[in-house]
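Notes follow the structure.
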Amino acid sequence: MITYEVNYPGNYDLDTINNMISGEEAGASEFQCNKIEYKNNELVNISTFNTLPDGTIPKPLTIVEYDDPQPGGTKKFWTGAMMVKGDNTAVAAYREL
């Protein structure tokens, strides 16, 4: 297993962030966490992924604002901060059971 990071601009909404993470996971990787860093004069999301065996796709992940209800049929996977539409936002990530 290899751990690597992917940068996402901080001006995306949660739907776009979820789609980008889902696309990354489709390549046999699994989202682990996110941190915010200042790069090239802007705040960006830096998401950490672990590689999985070839052909493995993890169960779907949904990231919502921290105070939003938990999506049905999921368990909490990670909580932290992400830049969402230019704002530092508390979020929670849930994986399908």
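For the structure tokens, the naming scheme is as follows: chains receive sequential letters (A, B, ...) according to their order of presentation, residues are indexed from 1 within each chain, and ligands are indexed from 1 in presentation order.
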For range 48-54 of chain A: contacts at 12 Å, only C-alpha atoms, fewer than 3 positions along chain excluded, given as a PyMOL selection string: chain A and resi 1-8+21-22+24-36+45+57-58+78
Please write the residues from the selection above to a file, keeping N, CA, C and O atoms, as an mmCIF file, in the first residue's frame.
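Output below, filename again-v7.cif:
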data_model
loop_
_atom_site.group_PDB
_atom_site.id
_atom_site.type_symbol
_atom_site.label_atom_id
_atom_site.label_comp_id
_atom_site.auth_asym_id
_atom_site.auth_seq_id
_atom_site.Cartn_x
_atom_site.Cartn_y
_atom_site.Cartn_z
ATOM 1 N N MET A 1 0.843 -1.167 0.000
ATOM 2 C CA MET A 1 0.000 0.000 0.000
ATOM 3 C C MET A 1 0.898 1.244 0.000
ATOM 4 O O MET A 1 1.847 1.346 0.752
ATOM 5 N N ILE A 2 0.550 2.179 -0.853
ATOM 6 C CA ILE A 2 1.278 3.440 -0.968
ATOM 7 C C ILE A 2 0.328 4.569 -0.585
ATOM 8 O O ILE A 2 -0.843 4.563 -0.964
ATOM 9 N N THR A 3 0.829 5.523 0.169
ATOM 10 C CA THR A 3 0.063 6.706 0.535
ATOM 11 C C THR A 3 0.518 7.862 -0.337
ATOM 12 O O THR A 3 1.715 8.050 -0.551
ATOM 13 N N TYR A 4 -0.454 8.627 -0.854
ATOM 14 C CA TYR A 4 -0.120 9.780 -1.687
ATOM 15 C C TYR A 4 -1.151 10.877 -1.468
ATOM 16 O O TYR A 4 -2.198 10.648 -0.863
ATOM 17 N N GLU A 5 -0.834 12.077 -1.943
ATOM 18 C CA GLU A 5 -1.711 13.229 -1.755
ATOM 19 C C GLU A 5 -2.172 13.788 -3.096
ATOM 20 O O GLU A 5 -1.447 13.727 -4.089
ATOM 21 N N VAL A 6 -3.402 14.330 -3.080
ATOM 22 C CA VAL A 6 -3.971 14.993 -4.252
ATOM 23 C C VAL A 6 -4.454 16.370 -3.806
ATOM 24 O O VAL A 6 -5.133 16.482 -2.778
ATOM 25 N N ASN A 7 -4.109 17.410 -4.572
ATOM 26 C CA ASN A 7 -4.544 18.772 -4.265
ATOM 27 C C ASN A 7 -5.845 19.088 -4.989
ATOM 28 O O ASN A 7 -5.973 18.786 -6.188
ATOM 29 N N TYR A 8 -6.771 19.719 -4.270
ATOM 30 C CA TYR A 8 -8.028 20.188 -4.848
ATOM 31 C C TYR A 8 -8.180 21.663 -4.519
ATOM 32 O O TYR A 8 -7.993 22.063 -3.361
ATOM 33 N N ILE A 21 -13.183 13.125 -5.499
ATOM 34 C CA ILE A 21 -12.686 12.042 -4.644
ATOM 35 C C ILE A 21 -13.179 10.696 -5.160
ATOM 36 O O ILE A 21 -12.421 9.728 -5.216
ATOM 37 N N SER A 22 -14.426 10.633 -5.579
ATOM 38 C CA SER A 22 -14.964 9.397 -6.144
ATOM 39 C C SER A 22 -14.177 8.974 -7.379
ATOM 40 O O SER A 22 -13.866 7.790 -7.565
ATOM 41 N N GLU A 24 -11.053 9.677 -8.009
ATOM 42 C CA GLU A 24 -9.738 9.202 -7.562
ATOM 43 C C GLU A 24 -9.855 7.786 -7.006
ATOM 44 O O GLU A 24 -9.010 6.926 -7.269
ATOM 45 N N GLU A 25 -10.911 7.523 -6.236
ATOM 46 C CA GLU A 25 -11.087 6.192 -5.651
ATOM 47 C C GLU A 25 -11.383 5.136 -6.713
ATOM 48 O O GLU A 25 -11.086 3.957 -6.502
ATOM 49 N N ALA A 26 -11.935 5.533 -7.841
ATOM 50 C CA ALA A 26 -12.212 4.576 -8.920
ATOM 51 C C ALA A 26 -10.932 3.966 -9.470
ATOM 52 O O ALA A 26 -10.964 2.910 -10.097
ATOM 53 N N GLY A 27 -9.803 4.594 -9.200
ATOM 54 C CA GLY A 27 -8.511 4.077 -9.649
ATOM 55 C C GLY A 27 -7.820 3.227 -8.603
ATOM 56 O O GLY A 27 -6.598 3.243 -8.506
ATOM 57 N N ALA A 28 -8.596 2.513 -7.786
ATOM 58 C CA ALA A 28 -8.056 1.602 -6.763
ATOM 59 C C ALA A 28 -7.301 2.359 -5.668
ATOM 60 O O ALA A 28 -6.180 2.016 -5.311
ATOM 61 N N SER A 29 -7.941 3.404 -5.151
ATOM 62 C CA SER A 29 -7.400 4.171 -4.029
ATOM 63 C C SER A 29 -8.516 4.438 -3.039
ATOM 64 O O SER A 29 -9.695 4.393 -3.388
ATOM 65 N N GLU A 30 -8.135 4.764 -1.801
ATOM 66 C CA GLU A 30 -9.124 5.048 -0.767
ATOM 67 C C GLU A 30 -8.766 6.342 -0.040
ATOM 68 O O GLU A 30 -7.645 6.491 0.466
ATOM 69 N N PHE A 31 -9.717 7.281 -0.001
ATOM 70 C CA PHE A 31 -9.557 8.529 0.728
ATOM 71 C C PHE A 31 -9.308 8.227 2.196
ATOM 72 O O PHE A 31 -9.966 7.370 2.780
ATOM 73 N N GLN A 32 -8.360 8.959 2.813
ATOM 74 C CA GLN A 32 -8.052 8.782 4.232
ATOM 75 C C GLN A 32 -8.365 10.027 5.054
ATOM 76 O O GLN A 32 -8.939 9.922 6.126
ATOM 77 N N CYS A 33 -7.943 11.191 4.566
ATOM 78 C CA CYS A 33 -8.124 12.422 5.325
ATOM 79 C C CYS A 33 -7.813 13.613 4.426
ATOM 80 O O CYS A 33 -7.410 13.446 3.280
ATOM 81 N N ASN A 34 -7.995 14.805 4.974
ATOM 82 C CA ASN A 34 -7.723 16.037 4.242
ATOM 83 C C ASN A 34 -7.072 17.044 5.178
ATOM 84 O O ASN A 34 -7.340 17.053 6.378
ATOM 85 N N LYS A 35 -6.220 17.885 4.616
ATOM 86 C CA LYS A 35 -5.678 19.015 5.358
ATOM 87 C C LYS A 35 -5.739 20.221 4.426
ATOM 88 O O LYS A 35 -5.844 20.088 3.207
ATOM 89 N N ILE A 36 -5.690 21.385 5.022
ATOM 90 C CA ILE A 36 -5.713 22.631 4.260
ATOM 91 C C ILE A 36 -4.326 23.249 4.333
ATOM 92 O O ILE A 36 -3.734 23.325 5.406
ATOM 93 N N ASN A 45 -7.178 22.246 -0.612
ATOM 94 C CA ASN A 45 -7.358 20.970 0.079
ATOM 95 C C ASN A 45 -6.289 20.009 -0.394
ATOM 96 O O ASN A 45 -6.035 19.895 -1.591
ATOM 97 N N ILE A 57 -12.321 -1.142 -5.630
ATOM 98 C CA ILE A 57 -12.941 0.166 -5.464
ATOM 99 C C ILE A 57 -13.618 0.169 -4.103
ATOM 100 O O ILE A 57 -14.442 -0.708 -3.808
ATOM 101 N N PRO A 58 -13.291 1.116 -3.230
ATOM 102 C CA PRO A 58 -13.915 1.144 -1.909
ATOM 103 C C PRO A 58 -15.407 1.478 -1.994
ATOM 104 O O PRO A 58 -15.883 1.987 -3.015
ATOM 105 N N TRP A 78 -14.425 9.802 8.720
ATOM 106 C CA TRP A 78 -13.440 10.831 9.028
ATOM 107 C C TRP A 78 -14.166 12.147 9.279
ATOM 108 O O TRP A 78 -15.198 12.413 8.678
#
Selection near Val64 in chain A, 10 Å with only C-alpha atoms, sequence-local residues under 5 positions removed, as a ChimeraX atom specification: /A:14-15,18,69-71,79,89-94
Generate the output file for the selected residues, N, CA and C atoms, as a compact mmCIF listing (two decimals), in the first residue's frame.
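Written output follows (result-v3.txt):
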# COMPACT_ATOMS: atom_id res chain seq x y z
N LEU A 14 -19.15 21.10 -2.26
CA LEU A 14 -19.03 19.71 -1.79
C LEU A 14 -19.40 18.70 -2.86
N ASP A 15 -20.37 19.01 -3.73
CA ASP A 15 -20.70 18.07 -4.80
C ASP A 15 -19.49 17.82 -5.70
N ASN A 18 -16.85 15.80 -3.75
CA ASN A 18 -17.25 14.39 -3.69
C ASN A 18 -17.01 13.69 -5.02
N PRO A 69 -27.14 16.04 8.59
CA PRO A 69 -27.47 14.67 9.03
C PRO A 69 -26.60 13.62 8.35
N GLN A 70 -26.36 12.54 9.07
CA GLN A 70 -25.62 11.41 8.51
C GLN A 70 -26.45 10.76 7.42
N PRO A 71 -25.87 10.54 6.24
CA PRO A 71 -26.62 9.84 5.19
C PRO A 71 -26.99 8.43 5.64
N THR A 79 -13.63 12.97 10.17
CA THR A 79 -14.09 14.35 10.34
C THR A 79 -12.89 15.27 10.32
N THR A 89 -14.32 24.92 6.25
CA THR A 89 -15.57 24.30 6.64
C THR A 89 -15.33 22.99 7.37
N ALA A 90 -16.01 22.81 8.49
CA ALA A 90 -15.97 21.53 9.21
C ALA A 90 -16.83 20.55 8.43
N VAL A 91 -16.27 19.37 8.17
CA VAL A 91 -16.97 18.36 7.37
C VAL A 91 -16.88 16.99 8.05
N ALA A 92 -17.74 16.10 7.59
CA ALA A 92 -17.71 14.69 8.01
C ALA A 92 -17.80 13.83 6.76
N ALA A 93 -17.01 12.77 6.73
CA ALA A 93 -17.04 11.83 5.60
C ALA A 93 -17.65 10.52 6.09
N TYR A 94 -18.59 10.01 5.31
CA TYR A 94 -19.30 8.77 5.63
C TYR A 94 -19.12 7.77 4.51
Test item, alpha helix (DSSP H) assignment across chain A, answer as a ChimeraX atom specification: /A:14-25
Using only C-alpha atoms: which of A:Ile17, A:Ile46, A:Leu97, A:Leu61 has the shortest distance to Lys85 in chain A: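 Checking each of A:Ile17, A:Ile46, A:Leu97, A:Leu61 against Lys85 in chain A, counting only C-alpha atoms, the winner is A:Ile17.
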Distance in Å - CA of Asp87 in chain A versus CA of Gly10 in chain A: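 Separation of CA of Asp87 in chain A and CA of Gly10 in chain A: 7.7 Å.
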For CA of Thr56 in chain A and CA of Lys75 in chain A, the interatomic separation in Å (one decimal):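 So the two atoms, CA of Thr56 in chain A and CA of Lys75 in chain A, lie 19.7 Å apart.
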Strand (DSSP E or B) per DSSP on the backbone: members of chain A, as number ranges by chain: A: 3-9, 29-39, 42-51, 61-65, 74-84, 87-96
Save out the residues we just selected, N, CA and C atoms, as a short mmCIF file (atom, residue, chain, number, x, y, z; two decimals), in the first residue's frame.
data_model
loop_
_atom_site.label_atom_id
_atom_site.label_comp_id
_atom_site.auth_asym_id
_atom_site.auth_seq_id
_atom_site.Cartn_x
_atom_site.Cartn_y
_atom_site.Cartn_z
N THR A 3 0.83 5.52 0.17
CA THR A 3 0.06 6.71 0.53
C THR A 3 0.52 7.86 -0.34
N TYR A 4 -0.45 8.63 -0.85
CA TYR A 4 -0.12 9.78 -1.69
C TYR A 4 -1.15 10.88 -1.47
N GLU A 5 -0.83 12.08 -1.94
CA GLU A 5 -1.71 13.23 -1.75
C GLU A 5 -2.17 13.79 -3.10
N VAL A 6 -3.40 14.33 -3.08
CA VAL A 6 -3.97 14.99 -4.25
C VAL A 6 -4.45 16.37 -3.81
N ASN A 7 -4.11 17.41 -4.57
CA ASN A 7 -4.54 18.77 -4.27
C ASN A 7 -5.85 19.09 -4.99
N TYR A 8 -6.77 19.72 -4.27
CA TYR A 8 -8.03 20.19 -4.85
C TYR A 8 -8.18 21.66 -4.52
N PRO A 9 -8.55 22.48 -5.49
CA PRO A 9 -8.74 23.91 -5.20
C PRO A 9 -9.77 24.12 -4.09
N SER A 29 -7.94 3.40 -5.15
CA SER A 29 -7.40 4.17 -4.03
C SER A 29 -8.52 4.44 -3.04
N GLU A 30 -8.14 4.76 -1.80
CA GLU A 30 -9.12 5.05 -0.77
C GLU A 30 -8.77 6.34 -0.04
N PHE A 31 -9.72 7.28 0.00
CA PHE A 31 -9.56 8.53 0.73
C PHE A 31 -9.31 8.23 2.20
N GLN A 32 -8.36 8.96 2.81
CA GLN A 32 -8.05 8.78 4.23
C GLN A 32 -8.37 10.03 5.05
N CYS A 33 -7.94 11.19 4.57
CA CYS A 33 -8.12 12.42 5.33
C CYS A 33 -7.81 13.61 4.43
N ASN A 34 -7.99 14.80 4.97
CA ASN A 34 -7.72 16.04 4.24
C ASN A 34 -7.07 17.04 5.18
N LYS A 35 -6.22 17.89 4.62
CA LYS A 35 -5.68 19.02 5.36
C LYS A 35 -5.74 20.22 4.43
N ILE A 36 -5.69 21.38 5.02
CA ILE A 36 -5.71 22.63 4.26
C ILE A 36 -4.33 23.25 4.33
N GLU A 37 -3.82 23.66 3.18
CA GLU A 37 -2.52 24.32 3.13
C GLU A 37 -2.59 25.52 2.20
N TYR A 38 -1.67 26.43 2.40
CA TYR A 38 -1.54 27.60 1.56
C TYR A 38 -0.53 27.31 0.47
N LYS A 39 -0.98 27.31 -0.79
CA LYS A 39 -0.09 27.03 -1.92
C LYS A 39 -0.40 28.01 -3.04
N GLU A 42 -3.04 30.71 -2.40
CA GLU A 42 -4.43 30.35 -2.10
C GLU A 42 -4.48 29.15 -1.17
N LEU A 43 -5.58 29.04 -0.45
CA LEU A 43 -5.79 27.87 0.41
C LEU A 43 -6.36 26.73 -0.43
N VAL A 44 -5.76 25.55 -0.30
CA VAL A 44 -6.18 24.38 -1.07
C VAL A 44 -6.40 23.20 -0.14
N ASN A 45 -7.18 22.25 -0.61
CA ASN A 45 -7.36 20.97 0.08
C ASN A 45 -6.29 20.01 -0.39
N ILE A 46 -5.68 19.33 0.55
CA ILE A 46 -4.71 18.28 0.22
C ILE A 46 -5.25 17.00 0.84
N SER A 47 -5.79 16.14 -0.01
CA SER A 47 -6.39 14.89 0.44
C SER A 47 -5.39 13.75 0.35
N THR A 48 -5.37 12.93 1.38
CA THR A 48 -4.48 11.77 1.44
C THR A 48 -5.26 10.52 1.04
N PHE A 49 -4.64 9.71 0.19
CA PHE A 49 -5.22 8.46 -0.28
C PHE A 49 -4.24 7.32 -0.05
N ASN A 50 -4.77 6.13 0.15
CA ASN A 50 -3.98 4.90 0.16
C ASN A 50 -4.33 4.11 -1.09
N THR A 51 -3.32 3.53 -1.73
CA THR A 51 -3.61 2.66 -2.86
C THR A 51 -4.20 1.35 -2.36
N LEU A 61 -18.12 6.99 -0.75
CA LEU A 61 -17.86 7.96 0.31
C LEU A 61 -18.69 9.21 0.02
N THR A 62 -19.27 9.78 1.07
CA THR A 62 -20.00 11.04 0.95
C THR A 62 -19.48 11.99 2.01
N ILE A 63 -19.09 13.18 1.58
CA ILE A 63 -18.63 14.22 2.51
C ILE A 63 -19.73 15.27 2.60
N VAL A 64 -20.12 15.60 3.83
CA VAL A 64 -21.15 16.60 4.09
C VAL A 64 -20.63 17.59 5.12
N GLU A 65 -21.30 18.73 5.24
CA GLU A 65 -20.94 19.66 6.31
C GLU A 65 -21.17 18.95 7.64
N THR A 74 -24.82 4.50 6.21
CA THR A 74 -23.39 4.82 6.22
C THR A 74 -22.84 4.78 7.64
N LYS A 75 -21.51 4.81 7.73
CA LYS A 75 -20.85 4.98 9.02
C LYS A 75 -19.82 6.09 8.86
N LYS A 76 -19.59 6.83 9.96
CA LYS A 76 -18.63 7.93 9.91
C LYS A 76 -17.23 7.37 9.71
N PHE A 77 -16.52 7.96 8.76
CA PHE A 77 -15.20 7.50 8.38
C PHE A 77 -14.11 8.49 8.81
N TRP A 78 -14.43 9.80 8.72
CA TRP A 78 -13.44 10.83 9.03
C TRP A 78 -14.17 12.15 9.28
N THR A 79 -13.63 12.97 10.17
CA THR A 79 -14.09 14.35 10.34
C THR A 79 -12.89 15.27 10.32
N GLY A 80 -13.11 16.47 9.84
CA GLY A 80 -12.01 17.42 9.78
C GLY A 80 -12.45 18.68 9.06
N ALA A 81 -11.50 19.36 8.43
CA ALA A 81 -11.77 20.62 7.74
C ALA A 81 -11.41 20.51 6.27
N MET A 82 -12.19 21.21 5.46
CA MET A 82 -11.93 21.35 4.03
C MET A 82 -12.28 22.77 3.63
N MET A 83 -11.60 23.26 2.63
CA MET A 83 -12.00 24.51 2.01
C MET A 83 -13.15 24.18 1.07
N VAL A 84 -14.30 24.80 1.31
CA VAL A 84 -15.50 24.57 0.50
C VAL A 84 -16.02 25.94 0.06
N ASP A 87 -14.41 28.82 1.84
CA ASP A 87 -14.52 28.92 3.29
C ASP A 87 -13.95 27.68 3.97
N ASN A 88 -13.26 27.90 5.09
CA ASN A 88 -12.78 26.79 5.92
C ASN A 88 -14.01 26.18 6.58
N THR A 89 -14.32 24.92 6.25
CA THR A 89 -15.57 24.30 6.64
C THR A 89 -15.33 22.99 7.37
N ALA A 90 -16.01 22.81 8.49
CA ALA A 90 -15.97 21.53 9.21
C ALA A 90 -16.83 20.55 8.43
N VAL A 91 -16.27 19.37 8.17
CA VAL A 91 -16.97 18.36 7.37
C VAL A 91 -16.88 16.99 8.05
N ALA A 92 -17.74 16.10 7.59
CA ALA A 92 -17.71 14.69 8.01
C ALA A 92 -17.80 13.83 6.76
N ALA A 93 -17.01 12.77 6.73
CA ALA A 93 -17.04 11.83 5.60
C ALA A 93 -17.65 10.52 6.09
N TYR A 94 -18.59 10.01 5.31
CA TYR A 94 -19.30 8.77 5.63
C TYR A 94 -19.12 7.77 4.51
N ARG A 95 -18.91 6.51 4.88
CA ARG A 95 -18.81 5.42 3.90
C ARG A 95 -20.03 4.53 4.00
N GLU A 96 -20.49 4.08 2.84
CA GLU A 96 -21.60 3.13 2.82
C GLU A 96 -21.20 1.87 3.56
#
